[in-house]
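For reference, the structure discussed in these notes is given below.
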Amino acid sequence: MENYEPIIFLFSAPSGTGKGTLVAGLLEDIGSIRRIITATTRPKRRREMEGSSYYFVSKDRFKEWIDGGEFIEWNEMYGDFYGTRKKYAERIMAEAREIGDDLVLEIDVDGKENFIKHYDNIVTVFILPPSLEELKRRIWARKAESEEQMQKRFDRAKKELARKDGYDYQVVNDKKDRAVGELITIIQKERKARRKD
């Protein structure tokens with residue numbers, strides 16, 4: 001599609017909010033949209049796939065990319081690194097321009113601040129838990145981490161929630177289908193407002 005500039009939808013949420021589940025549901029239910037996949041050094045979880053969930057790399061490789069200035073944004077969380085590689089993102093954006101797709105990127109609150117310095121035509125969405133109590137329950141339900149680690153996640157989540165007003169939209173993930181429906185409505189609204197006939 002000649003001269004089409006993709007809308008980049010950035011989704012942020014505290015750990016345990018269910019952002020990944022909502023984005024997966026969104027991608028199943030709406031057309032002409034694709035993900036920008038980020039890189040991480042954390043271990044692959046059950047049901048995650050290389051090149052679909054993340055690009056899973058070693059810490060040494062990730063640090064080489066940092067030293068080479070290859071990231072649009074990157075961050076360290078809980079001992080692992082996450083980041084968006086510029087070369088990959090630019091390729092996906094070029095493909096999206098050709099066929100008229102829009103883009104989705106899951107990103108933390110610090111990454112979002114760095115990303116928007118580099119690109120225009122961005123819509124930001126913050127996913128909220130139904131309540132702090134429910135978020136704490138979800139974090140503690142993982143049980144794969146130490147009490148100290150879970151508390152660190154919860155403390156970070158509270159700090160991230162305090163930055164929710166810096167986003168264009170806020171969506172509460174109380175029920176998956178309702179929340180996905182709200183995300184689809186946001187995308188349709190922004191497409192209508194930004195696309196030119």
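Chain identifiers are assigned as A, B, and so on, following the order in which chains appear in the structure tokens; residues are numbered from 1 within each chain, and ligands are numbered from 1 in order of appearance.
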
**Message:** Quick check for you: according to DSSP on this backbone, which residues of chain A are classed as strand (DSSP E)? Reply as a ChimeraX atom specification.
**Reply:** /A:8-12,33-35,39-40,55-56,71-77,80-85,102-106,122-128,169-172

Take the residues from that selection and write them out as a short mmCIF file (atom, residue, chain, number, x, y, z; two decimals), in the first residue's frame, keeping N, CA and C atoms.
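Listed below is the output, selection-v2.cif:
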```cif
data_model
loop_
_atom_site.label_atom_id
_atom_site.label_comp_id
_atom_site.auth_asym_id
_atom_site.auth_seq_id
_atom_site.Cartn_x
_atom_site.Cartn_y
_atom_site.Cartn_z
N ILE A 8 1.53 2.24 15.19
CA ILE A 8 2.22 1.35 16.13
C ILE A 8 1.50 1.43 17.47
N PHE A 9 0.87 0.32 17.86
CA PHE A 9 0.15 0.25 19.12
C PHE A 9 1.09 -0.34 20.18
N LEU A 10 1.42 0.47 21.18
CA LEU A 10 2.29 0.03 22.27
C LEU A 10 1.46 -0.36 23.48
N PHE A 11 1.64 -1.58 23.96
CA PHE A 11 0.89 -2.09 25.11
C PHE A 11 1.85 -2.30 26.28
N SER A 12 1.54 -1.67 27.41
CA SER A 12 2.32 -1.86 28.64
C SER A 12 1.39 -2.33 29.74
N ILE A 33 -2.81 -6.68 11.15
CA ILE A 33 -1.96 -6.22 12.25
C ILE A 33 -0.95 -7.32 12.58
N ARG A 34 0.26 -6.92 12.91
CA ARG A 34 1.30 -7.90 13.23
C ARG A 34 2.12 -7.41 14.41
N ARG A 35 2.83 -8.35 15.04
CA ARG A 35 3.63 -8.02 16.22
C ARG A 35 5.05 -7.63 15.85
N ALA A 39 13.47 -9.12 21.93
CA ALA A 39 14.46 -10.11 22.35
C ALA A 39 14.53 -10.16 23.87
N THR A 40 14.83 -11.34 24.41
CA THR A 40 14.99 -11.47 25.85
C THR A 40 16.03 -12.53 26.18
N TYR A 55 12.41 -13.42 20.79
CA TYR A 55 13.65 -14.02 20.32
C TYR A 55 14.48 -14.27 21.58
N PHE A 56 14.73 -15.54 21.88
CA PHE A 56 15.44 -15.92 23.10
C PHE A 56 16.94 -16.00 22.80
N PHE A 71 19.84 -1.57 19.72
CA PHE A 71 18.50 -1.51 20.29
C PHE A 71 17.86 -0.13 20.16
N ILE A 72 16.58 -0.12 19.86
CA ILE A 72 15.78 1.10 19.99
C ILE A 72 15.61 1.41 21.47
N GLU A 73 15.33 0.35 22.22
CA GLU A 73 15.18 0.45 23.66
C GLU A 73 15.52 -0.92 24.25
N TRP A 74 16.02 -0.90 25.49
CA TRP A 74 16.26 -2.15 26.21
C TRP A 74 16.20 -1.86 27.70
N ASN A 75 16.01 -2.94 28.46
CA ASN A 75 15.89 -2.78 29.90
C ASN A 75 16.30 -4.08 30.57
N GLU A 76 16.72 -3.98 31.82
CA GLU A 76 17.00 -5.17 32.62
C GLU A 76 15.95 -5.28 33.71
N MET A 77 15.32 -6.44 33.81
CA MET A 77 14.32 -6.67 34.84
C MET A 77 14.53 -8.04 35.46
N ASP A 80 17.19 -10.35 34.01
CA ASP A 80 17.17 -10.67 32.58
C ASP A 80 16.98 -9.39 31.77
N PHE A 81 17.39 -9.46 30.50
CA PHE A 81 17.31 -8.31 29.60
C PHE A 81 16.17 -8.47 28.60
N TYR A 82 15.57 -7.34 28.24
CA TYR A 82 14.52 -7.29 27.23
C TYR A 82 14.82 -6.09 26.32
N GLY A 83 14.55 -6.21 25.03
CA GLY A 83 14.78 -5.07 24.17
C GLY A 83 14.24 -5.25 22.77
N THR A 84 14.10 -4.12 22.06
CA THR A 84 13.62 -4.10 20.69
C THR A 84 14.77 -3.74 19.76
N ARG A 85 15.16 -4.67 18.90
CA ARG A 85 16.27 -4.41 17.97
C ARG A 85 15.82 -3.53 16.82
N ASP A 102 -0.92 -2.66 10.41
CA ASP A 102 -0.49 -1.91 11.58
C ASP A 102 0.33 -2.83 12.46
N LEU A 103 0.90 -2.27 13.54
CA LEU A 103 1.85 -3.02 14.35
C LEU A 103 1.49 -2.97 15.84
N VAL A 104 1.84 -4.05 16.54
CA VAL A 104 1.63 -4.16 17.98
C VAL A 104 2.97 -4.47 18.65
N LEU A 105 3.26 -3.79 19.74
CA LEU A 105 4.47 -4.06 20.49
C LEU A 105 4.15 -4.08 21.98
N GLU A 106 4.49 -5.19 22.64
CA GLU A 106 4.39 -5.26 24.10
C GLU A 106 5.69 -4.71 24.67
N ILE A 122 2.12 6.71 16.86
CA ILE A 122 2.06 5.73 17.94
C ILE A 122 0.81 5.95 18.79
N VAL A 123 0.19 4.85 19.20
CA VAL A 123 -0.93 4.87 20.13
C VAL A 123 -0.51 4.01 21.33
N THR A 124 -0.61 4.55 22.53
CA THR A 124 -0.18 3.82 23.72
C THR A 124 -1.38 3.36 24.55
N VAL A 125 -1.30 2.12 25.03
CA VAL A 125 -2.39 1.51 25.80
C VAL A 125 -1.80 0.87 27.05
N PHE A 126 -2.36 1.21 28.20
CA PHE A 126 -1.92 0.62 29.47
C PHE A 126 -2.98 -0.36 29.94
N ILE A 127 -2.55 -1.60 30.21
CA ILE A 127 -3.46 -2.64 30.69
C ILE A 127 -3.41 -2.66 32.21
N LEU A 128 -4.56 -2.53 32.82
CA LEU A 128 -4.68 -2.49 34.28
C LEU A 128 -5.26 -3.79 34.83
N TYR A 169 -4.68 5.41 26.26
CA TYR A 169 -5.83 4.63 26.70
C TYR A 169 -5.45 3.76 27.89
N GLN A 170 -6.47 3.44 28.70
CA GLN A 170 -6.31 2.48 29.79
C GLN A 170 -7.43 1.45 29.68
N VAL A 171 -7.06 0.17 29.77
CA VAL A 171 -8.04 -0.91 29.65
C VAL A 171 -7.86 -1.85 30.85
N VAL A 172 -8.94 -2.14 31.54
CA VAL A 172 -8.90 -3.04 32.69
C VAL A 172 -9.08 -4.48 32.21
#
```

Do you have, as CSV, the list of residues of segment 49-143 of chain A lying at most 10 Å from segment 15-23 of chain A, each with its nearest atom pair and that distance in Å to one decimal, counting only C-alpha atoms and ordered by chain then number?
```
residue,atom,partner,partner_atom,distance
A:Ser53,CA,A:Gly20,CA,8.9
A:Val104,CA,A:Val23,CA,8.2
A:Leu105,CA,A:Val23,CA,9.0
A:Glu106,CA,A:Gly20,CA,7.7
A:Ile107,CA,A:Lys19,CA,9.8
A:Asp108,CA,A:Ser15,CA,9.4
A:Phe126,CA,A:Lys19,CA,9.1
A:Ile127,CA,A:Lys19,CA,6.5
A:Leu128,CA,A:Thr17,CA,6.5
A:Pro129,CA,A:Thr17,CA,5.3
A:Pro130,CA,A:Thr17,CA,8.7
A:Ser131,CA,A:Thr17,CA,9.9
A:Glu134,CA,A:Thr17,CA,9.1
A:Leu135,CA,A:Gly16,CA,6.3
A:Lys136,CA,A:Gly16,CA,8.2
A:Arg137,CA,A:Gly16,CA,8.9
A:Arg138,CA,A:Gly16,CA,5.7
A:Ile139,CA,A:Gly16,CA,5.4
A:Trp140,CA,A:Gly16,CA,9.1
A:Ala141,CA,A:Gly16,CA,9.4
A:Arg142,CA,A:Gly16,CA,8.9
```

**Asked** If you run DSSP on this backbone, which residues of segment 2-193 of chain A come out as alpha helix (DSSP H), and could you give them as a ChimeraX atom specification?
**Response** /A:19-29,59-67,86-99,109-115,132-141,147-161,176-193

**Request:** Could you check which of A:Gly166, A:Gly111, A:Gly79, A:Gly100 is closest to Tyr4 of chain A, using only C-alpha atoms?
**Result:**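 Nearest to Tyr4 of chain A: A:Gly100.
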